[in-house]
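Colleague: Next up is a structure, given as structure tokens.
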Amino acid sequence: MKKTILIVVVFISLISFKINAQELLVCDILEYNKAIKSANAGSTIILKNGIWKDVELNAYGYGTEDNPIIVKAETDGGVIISGNSTLNIYGEYVIVSGLWFKDGMSSYKSVVQFRKNSKEFANNCRFTNSTISYYQVEDGINDHWVDIWGKNNRIDHNNFTGKTSPGTTLVVWLKGDEHTENNHKIDNNLFGPRPELGTNGGETIRIGTSTNSKKSSKTLVERNIFEGCDGEIEIISNKSGDNIFRDNLFVGSKGALTLRHGDNALVERNVFLGNGVSKTGGIRVINSGHIIRNNLMIGLLGDGYRGPIVLMNGVPNSSLNRYEQVKNVDIQNNTIINSGPISFGEGKDDEKSLAPTNVNFANNLVFNNSSNTNVIFVDETANISFNNNYIDANGAYDKGFKNTKIMFKDLQNVPIPTVDNSDLLVASKSAKSPEEDINGSVRTTFNAGAFNLDATDVPKALKLRAGPGWKPEIVAPVIKAEHIIVEPGTETLRKAISKAASGSTIVLQTGEYILEKTIKIDKNITIKGDKGGASILTAMKDLEKPISYFFRVNEGVKFSLNDVIIDGEISSPKYAIVSPDKNEGGLYSIFVDHVVFKNFTNKDGGAIFKAYNGTKADTLSFKNSRFDNSYRGLNLSYDKDQVGFYNANIIILENSVFKDIEEEAVSYVRNTPLEDIPGGKLVVTNCVFSSVNNQEKGKFLKTTGIYAVEITNSVFENSYKQKAPLDLKGSYNFISNCLIHNSGFVKTSKGAKDNNLIYNNPKWDDDVLFIPSKKSPLLKENNNKERIGLKQ
């Protein structure tokens, strides 16, 4: 109780600024402008409680350290800044406090900026005890909530929640010498939930740019909470030199603290909690001279670029905006518990060919009570020095880690290694080794891991009281589902989806919809094209970074797509639609009706649909659709090595055509010791498969290990090299009332059944639309059973 009281007293002292008697209450923007114009050192201007709408607040002047100019709300949180409003802070020793920015619809590029214009900036100024929540901007504006210019400015004890528009939440700028070595301080803020933006530019904090990344910023980011900051993979993007990230708490945020550009960062005593959220990451390392020590990571579920600690590969002679080689980096005394894999040499490819060099990786501790992979060596590690790192997990590690049994005690739900861990006392102390542990306690006996053995306290990051001294009752705006008509053009579709509420229907006109970026479907959405015309989706040609897919469907989402054409010819993307990212196991569903997919010919793993490993659809339904001239159809085979796993509960193909597909129309597999163990179902009715996977061992449908396969009233033709076009195994696999022509013979075993199979020429009247002639054996009057093939 005494500690809590002390924190409150300290915070009150922070905002009880030293002032003289020059206080003035103002009621509107006219009175305010008059007051600020005549403000001197020690002046306090008090904004009357109420709604201040469509105002440009300029807080400026020349205060002193002992007598700043103060602009504050009459009551903390009682002044609502709304509408088309902005705040500009500039001059010397100006402090703004107690405001709440909400209900905005702004045309400005900043909600708060520490400058007046390109020549007048802020030095020794402060924005504190305030909130910005769900502040909206007009269409097409890439805005920032806070832009920091000048030197020695502080942003503290604020709440930033609900940025949905493109653009970083808070940016530190280094354009010009007057902004370098700025010594800004960003502390004790609560960065609340920010939804996935679906593209770059969704960082929560960015310090610098690639262009200015070789400049020294010396910005301190400490004691902040980042909760649900999912905007993009980089929660914090470090793009300058000599910055410090200390005592911050990351909770359930889908990304990583990323040392993207710039050198000599210090990252210490931060806590990363996954909280069961997918794609939660830790620290990603690029460039030189960094020190990463005494960080705690628990339950992070990300891998690859989102692993708990990730050392990237670099590009030879890298330009400023690419990936410099990791050099001269010291990573010591970090603790990683029940998290995804540490990765060395991540991103290795023909361009990123330089492995990390002169890296000291020492005294780190890994514990995992699951069967997950804990360490990945993507590239060689000859120039990484591994010293006294310890691991307690399934499997043995010959390189870089010593296997041991780690004993923990529970302290306020934090696992602390006990004094019984004598192995951990064998550690490698160097000049850069931390003299204190994650709690700030002196390391009298040096040991591996972030904590002193038997530590009696939890990290400072877990005891934060971040945010303003008053509690904003933040309510997310309710956006009603609606029918949204979208005109053809470049990026019009993606922008419409990003703004639409869950449950909305996007209505397309006849014309071409061109994508420059991929579209993330993170809410229930229906897209309907023009039934009477042609709504065509394509990707922009000659993009610097070509898109890999058109749509990604996130976990927990239902996506419906109707009456469109998706054409991959122009930019050769790999996929039309993909599942959630790998190992995001939440169920999702896709319903496709009257859609044409064509020209997805990228052979670098390409397919019209791809399910990433570790993902599962509840339902994948494709009806009345065509799949033409492509490399693969539906690929759900990436978990073939994981026993018992399959990527969809049910796949439905109805009244659809697969024509000129180089490999399988569907690859849907499960690694199982027995086919009759329930798991997975494929239902195929009234479909045509023509010239699919035409090779000796090829199959129209690869269904290995799938529990239930039901194929009826369908045609399989013109894959003349095939010996067995279908290989069905298991008591719940059957094929009935189908025609096979010029494609070998169906194989059934282990209880699978076949019935009424016709091996004959289908005799098409139209072999593009697959309309049978009057004498076709597909017609009921000619086969004495049922009509086979498409329902015309």
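Chain labels A, B, ... are given in the sequence in which chains occur in the structure tokens; within each chain residues are numbered consecutively from 1, and ligands are likewise numbered from 1 in the order shown.
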Quick one: everything within 12 Å of A:Val442, counting only C-alpha atoms, minus sequence neighbours fewer than 6 positions away in the same chain. Send it as a PyMOL selection string.
Modeller: chain A and resi 434-436+450-453+455
Colleague: Extract, using only C-alpha atoms, all DNA, RNA and protein residues at most 12 Å from A:Lys545, discarding same-chain residues fewer than 4 positions from it, and format them as a list in words.
Modeller: Glu516, Lys517, Thr518, Ala539, Met540, Lys541, Tyr549, Ser571 and Pro573 of chain A
Colleague: Those residues you just picked out, can you put them in a file as an mmCIF file, in the first residue's frame with C-alpha atoms?
Modeller:
data_model
loop_
_atom_site.group_PDB
_atom_site.id
_atom_site.type_symbol
_atom_site.label_atom_id
_atom_site.label_comp_id
_atom_site.auth_asym_id
_atom_site.auth_seq_id
_atom_site.Cartn_x
_atom_site.Cartn_y
_atom_site.Cartn_z
ATOM 1 C CA GLU A 516 -0.547 -2.553 -55.359
ATOM 2 C CA LYS A 517 -0.583 -4.266 -51.970
ATOM 3 C CA THR A 518 -2.060 -7.453 -50.604
ATOM 4 C CA ALA A 539 -2.115 -6.798 -59.545
ATOM 5 C CA MET A 540 -0.090 -3.794 -60.620
ATOM 6 C CA LYS A 541 2.639 -4.601 -63.132
ATOM 7 C CA TYR A 549 -1.075 -13.009 -53.009
ATOM 8 C CA SER A 571 2.335 -9.682 -62.127
ATOM 9 C CA PRO A 573 1.704 -13.602 -57.886
#
Colleague: Neighbouring residues of A:Gly201 were defined as those with any atom within 10 Å, considering only C-alpha atoms; residues of the same chain fewer than 3 positions away were excluded. Please report them as a list in words.
Modeller: Asn142, Asp143, His144, Ser165, Pro166, Gly167, Thr168, Thr169, Leu197, Gly198, Thr204, Arg206, Gly231, Glu232, Ile233 and Glu234 of chain A
Colleague: Please indicate the distance in Å from atom CA of A:Gly705 to atom CA of A:Leu739, rounded to one decimal place.
Modeller: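 Atom-to-atom, atom CA of A:Gly705 and atom CA of A:Leu739 are spaced 23.9 Å apart.
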Colleague: With a distance cut-off of 10 Å and only C-alpha atoms, select the neighbouring residues of A:Gln412, excluding the residue or stretch itself and same-chain residues fewer than 3 positions from it, and output the selection as a PyMOL selection string.
Modeller: chain A and resi 409+415-416+457-458+462
Colleague: Using the selection just defined, write its residues with N, CA and C atoms as a compact mmCIF listing (two decimals), in the first residue's frame.
Modeller:
# COMPACT_ATOMS: atom_id res chain seq x y z
N LYS A 409 10.85 -21.14 -9.16
CA LYS A 409 9.82 -20.84 -8.17
C LYS A 409 8.88 -19.82 -8.79
N PRO A 415 8.00 -16.95 -13.35
CA PRO A 415 8.93 -18.03 -13.01
C PRO A 415 10.34 -17.49 -12.77
N ILE A 416 10.87 -17.75 -11.56
CA ILE A 416 12.19 -17.28 -11.17
C ILE A 416 13.09 -18.49 -10.92
N ASP A 457 12.06 -10.17 -6.32
CA ASP A 457 11.23 -9.12 -6.89
C ASP A 457 10.97 -9.45 -8.35
N VAL A 458 9.94 -8.80 -8.92
CA VAL A 458 9.62 -8.97 -10.34
C VAL A 458 10.11 -7.74 -11.10
N LEU A 462 6.73 -4.96 -15.05
CA LEU A 462 5.48 -5.57 -14.58
C LEU A 462 4.83 -4.78 -13.46
Colleague: Which residues in stretch 307-479 of chain A does DSSP call strand (DSSP E)? List them as a VMD selection string.
Modeller: chain A and resid 309 to 312 327 to 332 335 to 337 342 to 346 357 to 362 365 to 367 375 to 377 384 to 387 390 to 392 402 to 403 408 to 411 414 to 417
Colleague: Go ahead and write the residues just picked, N, CA and C atoms, as a compact mmCIF listing (two decimals), in the first residue's frame.
Modeller:
# COMPACT_ATOMS: atom_id res chain seq x y z
N ILE A 309 14.05 -13.88 -30.23
CA ILE A 309 15.27 -13.15 -30.62
C ILE A 309 15.59 -13.60 -32.04
N VAL A 310 15.72 -12.65 -32.94
CA VAL A 310 15.93 -12.97 -34.36
C VAL A 310 17.11 -12.17 -34.87
N LEU A 311 18.13 -12.87 -35.34
CA LEU A 311 19.27 -12.21 -35.98
C LEU A 311 19.12 -12.40 -37.48
N MET A 312 18.96 -11.30 -38.19
CA MET A 312 18.73 -11.35 -39.63
C MET A 312 20.04 -11.52 -40.40
N LYS A 327 26.51 -7.04 -37.05
CA LYS A 327 27.92 -7.07 -36.65
C LYS A 327 28.08 -6.55 -35.23
N ASN A 328 29.05 -7.10 -34.52
CA ASN A 328 29.48 -6.55 -33.23
C ASN A 328 28.30 -6.36 -32.27
N VAL A 329 27.49 -7.40 -32.16
CA VAL A 329 26.30 -7.34 -31.31
C VAL A 329 26.51 -8.23 -30.09
N ASP A 330 26.09 -7.74 -28.94
CA ASP A 330 26.24 -8.47 -27.69
C ASP A 330 24.86 -8.81 -27.12
N ILE A 331 24.58 -10.11 -27.00
CA ILE A 331 23.27 -10.57 -26.53
C ILE A 331 23.49 -11.44 -25.30
N GLN A 332 23.15 -10.92 -24.13
CA GLN A 332 23.48 -11.62 -22.90
C GLN A 332 22.32 -11.62 -21.91
N THR A 335 16.11 -14.27 -20.81
CA THR A 335 15.38 -15.48 -20.45
C THR A 335 14.16 -15.62 -21.35
N ILE A 336 14.03 -16.80 -21.97
CA ILE A 336 12.94 -17.07 -22.93
C ILE A 336 12.20 -18.32 -22.46
N ILE A 337 10.91 -18.18 -22.20
CA ILE A 337 10.12 -19.27 -21.62
C ILE A 337 8.92 -19.58 -22.51
N ILE A 342 14.23 -19.07 -31.31
CA ILE A 342 15.29 -18.11 -31.61
C ILE A 342 15.81 -18.44 -33.01
N SER A 343 16.11 -17.41 -33.79
CA SER A 343 16.53 -17.67 -35.17
C SER A 343 17.82 -16.94 -35.49
N PHE A 344 18.79 -17.68 -36.03
CA PHE A 344 20.07 -17.12 -36.45
C PHE A 344 20.17 -17.17 -37.96
N GLY A 345 20.38 -16.00 -38.59
CA GLY A 345 20.49 -15.94 -40.05
C GLY A 345 19.14 -15.90 -40.73
N GLU A 346 18.12 -15.41 -40.04
CA GLU A 346 16.76 -15.38 -40.59
C GLU A 346 16.72 -14.53 -41.86
N THR A 357 27.94 -11.62 -37.87
CA THR A 357 29.36 -11.80 -37.58
C THR A 357 29.77 -11.04 -36.32
N ASN A 358 30.76 -11.57 -35.63
CA ASN A 358 31.27 -10.99 -34.37
C ASN A 358 30.12 -10.74 -33.39
N VAL A 359 29.33 -11.76 -33.17
CA VAL A 359 28.21 -11.69 -32.22
C VAL A 359 28.56 -12.51 -30.99
N ASN A 360 28.37 -11.92 -29.83
CA ASN A 360 28.53 -12.64 -28.57
C ASN A 360 27.15 -13.01 -28.05
N PHE A 361 26.85 -14.29 -28.05
CA PHE A 361 25.56 -14.78 -27.56
C PHE A 361 25.86 -15.61 -26.31
N ALA A 362 25.64 -15.01 -25.15
CA ALA A 362 26.15 -15.62 -23.92
C ALA A 362 25.15 -15.52 -22.77
N LEU A 365 19.06 -18.00 -21.32
CA LEU A 365 18.35 -19.13 -20.74
C LEU A 365 17.08 -19.40 -21.53
N VAL A 366 16.86 -20.67 -21.93
CA VAL A 366 15.67 -21.05 -22.66
C VAL A 366 15.00 -22.21 -21.93
N PHE A 367 13.71 -22.07 -21.70
CA PHE A 367 12.91 -23.16 -21.11
C PHE A 367 11.66 -23.33 -21.95
N VAL A 375 15.31 -23.43 -31.31
CA VAL A 375 16.42 -22.72 -31.93
C VAL A 375 16.49 -23.13 -33.39
N ILE A 376 16.63 -22.14 -34.28
CA ILE A 376 16.75 -22.41 -35.71
C ILE A 376 18.03 -21.75 -36.22
N PHE A 377 18.84 -22.53 -36.91
CA PHE A 377 20.04 -22.00 -37.55
C PHE A 377 19.77 -21.95 -39.05
N ILE A 384 29.57 -16.42 -34.74
CA ILE A 384 28.81 -16.16 -33.52
C ILE A 384 29.46 -16.94 -32.39
N SER A 385 29.78 -16.25 -31.32
CA SER A 385 30.41 -16.89 -30.17
C SER A 385 29.32 -17.27 -29.16
N PHE A 386 29.13 -18.58 -28.97
CA PHE A 386 28.15 -19.07 -28.01
C PHE A 386 28.86 -19.44 -26.72
N ASN A 387 28.44 -18.79 -25.63
CA ASN A 387 29.11 -19.02 -24.36
C ASN A 387 28.10 -19.21 -23.24
N TYR A 390 21.99 -21.87 -21.73
CA TYR A 390 21.39 -23.07 -21.16
C TYR A 390 19.97 -23.26 -21.67
N ILE A 391 19.60 -24.55 -21.84
CA ILE A 391 18.27 -24.86 -22.34
C ILE A 391 17.69 -26.06 -21.60
N ASP A 392 16.44 -25.93 -21.24
CA ASP A 392 15.67 -27.04 -20.66
C ASP A 392 14.43 -27.20 -21.53
N LYS A 402 23.77 -25.52 -23.70
CA LYS A 402 24.02 -26.66 -22.81
C LYS A 402 22.69 -27.12 -22.23
N ASN A 403 22.46 -28.42 -22.30
CA ASN A 403 21.22 -28.97 -21.76
C ASN A 403 21.32 -29.09 -20.24
N PHE A 408 12.44 -23.77 -11.05
CA PHE A 408 11.83 -22.43 -10.91
C PHE A 408 11.01 -22.35 -9.63
N LYS A 409 10.85 -21.14 -9.16
CA LYS A 409 9.82 -20.84 -8.17
C LYS A 409 8.88 -19.82 -8.79
N ASP A 410 7.67 -19.76 -8.26
CA ASP A 410 6.68 -18.83 -8.79
C ASP A 410 6.61 -17.59 -7.89
N LEU A 411 6.85 -16.42 -8.49
CA LEU A 411 6.78 -15.17 -7.75
C LEU A 411 5.83 -14.24 -8.49
N VAL A 414 5.40 -15.07 -12.00
CA VAL A 414 6.61 -14.97 -12.81
C VAL A 414 7.55 -16.11 -12.41
N PRO A 415 8.00 -16.95 -13.35
CA PRO A 415 8.93 -18.03 -13.01
C PRO A 415 10.34 -17.49 -12.77
N ILE A 416 10.87 -17.75 -11.56
CA ILE A 416 12.19 -17.28 -11.17
C ILE A 416 13.09 -18.49 -10.92
N PRO A 417 14.25 -18.60 -11.58
CA PRO A 417 15.16 -19.71 -11.30
C PRO A 417 15.65 -19.66 -9.84
Colleague: With only C-alpha atoms as the basis for distance, which of A:Val277, A:Leu561, A:Leu47, A:Ile651 is at the shortest distance from A:Gly585?
Modeller: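 The answer is A:Val277, which sits nearest to A:Gly585.
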Colleague: Leaving out A:Ser773 and any residue of its chain fewer than 3 positions from it, which residues lie within 7 Å of it when counting only C-alpha atoms, given as a list of chain:residue names?
Modeller: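 These residues fall inside the cut-off: A:Lys763, A:Trp764, A:Asp765, A:Ser776.
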Colleague: With only C-alpha atoms as the counted atoms, please give the residues lying no more than 10 Å from A:Asp676, apart from itself and same-chain residues fewer than 3 positions off, as a ChimeraX atom specification.
Modeller: /A:672-673,679,705-708,729-733,750-751
Colleague: Which residues are near A:Ala648? Cut-off 10 Å, only C-alpha atoms, ignore same chain within fewer than 2 positions. Put them as a list in words.
Modeller: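 Contacts, with the query itself left out: Leu587, Tyr588, Ser589, Ala611, Thr615, Lys616, Ala617, Asp618, Thr619, Leu620, Leu636, Phe645, Tyr646, Ile650, Ile651, Tyr668, Val669, Gly679, Gly680, Lys681 and Leu682 of chain A.
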Colleague: Could you save those same residues with N, CA and C atoms as a CSV table (one decimal), in the first residue's frame?
Modeller:
chain,number,residue,atom,x,y,z
A,587,LEU,N,-9.8,-21.1,-36.3
A,587,LEU,CA,-10.6,-21.5,-37.5
A,587,LEU,C,-11.0,-20.3,-38.3
A,588,TYR,N,-11.1,-20.5,-39.6
A,588,TYR,CA,-11.6,-19.5,-40.5
A,588,TYR,C,-12.4,-20.2,-41.6
A,589,SER,N,-13.1,-19.5,-42.4
A,589,SER,CA,-13.9,-20.1,-43.5
A,589,SER,C,-13.9,-19.2,-44.7
A,611,ALA,N,-2.8,-23.1,-47.9
A,611,ALA,CA,-3.0,-23.2,-46.5
A,611,ALA,C,-1.6,-23.3,-45.9
A,615,THR,N,-2.3,-24.1,-39.8
A,615,THR,CA,-3.6,-23.4,-39.9
A,615,THR,C,-4.7,-24.4,-40.2
A,616,LYS,N,-5.9,-24.0,-39.9
A,616,LYS,CA,-7.1,-24.9,-40.1
A,616,LYS,C,-8.3,-24.0,-40.5
A,617,ALA,N,-8.9,-24.4,-41.7
A,617,ALA,CA,-10.1,-23.8,-42.0
A,617,ALA,C,-11.3,-24.7,-41.5
A,618,ASP,N,-12.3,-24.1,-41.1
A,618,ASP,CA,-13.5,-24.9,-40.8
A,618,ASP,C,-14.1,-25.4,-42.1
A,619,THR,N,-14.4,-24.4,-43.1
A,619,THR,CA,-15.0,-24.7,-44.3
A,619,THR,C,-14.3,-24.0,-45.5
A,620,LEU,N,-14.0,-24.7,-46.5
A,620,LEU,CA,-13.5,-24.1,-47.8
A,620,LEU,C,-14.5,-24.5,-48.8
A,636,LEU,N,-3.1,-27.8,-49.7
A,636,LEU,CA,-3.2,-28.0,-48.2
A,636,LEU,C,-2.4,-29.1,-47.8
A,645,PHE,N,-2.3,-34.0,-38.3
A,645,PHE,CA,-2.8,-32.6,-38.6
A,645,PHE,C,-3.3,-32.5,-40.1
A,646,TYR,N,-4.4,-31.7,-40.3
A,646,TYR,CA,-4.9,-31.5,-41.6
A,646,TYR,C,-5.4,-30.0,-41.6
A,650,ILE,N,-13.5,-29.3,-43.7
A,650,ILE,CA,-14.2,-29.8,-44.9
A,650,ILE,C,-13.9,-28.9,-46.1
A,651,ILE,N,-13.7,-29.5,-47.2
A,651,ILE,CA,-13.6,-28.8,-48.5
A,651,ILE,C,-14.7,-29.2,-49.4
A,668,TYR,N,-4.7,-32.3,-50.5
A,668,TYR,CA,-5.3,-32.3,-49.2
A,668,TYR,C,-4.9,-33.5,-48.5
A,669,VAL,N,-3.9,-33.4,-47.6
A,669,VAL,CA,-3.3,-34.6,-47.0
A,669,VAL,C,-3.3,-34.6,-45.5
A,679,GLY,N,-11.0,-37.3,-39.4
A,679,GLY,CA,-10.2,-36.1,-39.7
A,679,GLY,C,-10.2,-35.7,-41.1
A,680,GLY,N,-10.9,-34.7,-41.5
A,680,GLY,CA,-10.9,-34.1,-42.8
A,680,GLY,C,-12.0,-34.7,-43.7
A,681,LYS,N,-12.5,-33.9,-44.6
A,681,LYS,CA,-13.6,-34.3,-45.5
A,681,LYS,C,-13.5,-33.5,-46.8
A,682,LEU,N,-13.6,-34.2,-47.9
A,682,LEU,CA,-13.6,-33.6,-49.2
A,682,LEU,C,-14.9,-34.1,-49.9
Colleague: What is the atom CA of A:Gly274 to atom CA of A:Pro477 distance in Å?
Modeller: 26.5 Å
Colleague: Restrict the calculation to only C-alpha atoms, then for each residue of stretch 458-549 of chain A with any atom at most 8 Å from an atom of stretch 171-194 of chain A give the closest atom pair and their distance in Å to one decimal, rows by chain and rising residue number, as a tab-separated table.
Modeller:
residue	atom	partner	partner_atom	distance
A:Leu464	CA	A:Asn188	CA	7.6
A:Arg465	CA	A:Asn188	CA	7.2
A:Ala466	CA	A:Asn188	CA	4.4
A:Gly467	CA	A:Asn189	CA	4.8
A:Pro468	CA	A:Asn189	CA	7.7
Colleague: Point out the residue among A:Ile244, A:Ala496, A:Glu138, A:Gly228 with the least atom-to-atom distance to A:Gly162, counting only C-alpha atoms.
Modeller: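 Comparing A:Ile244, A:Ala496, A:Glu138, A:Gly228 against A:Gly162, the winner is A:Gly228.
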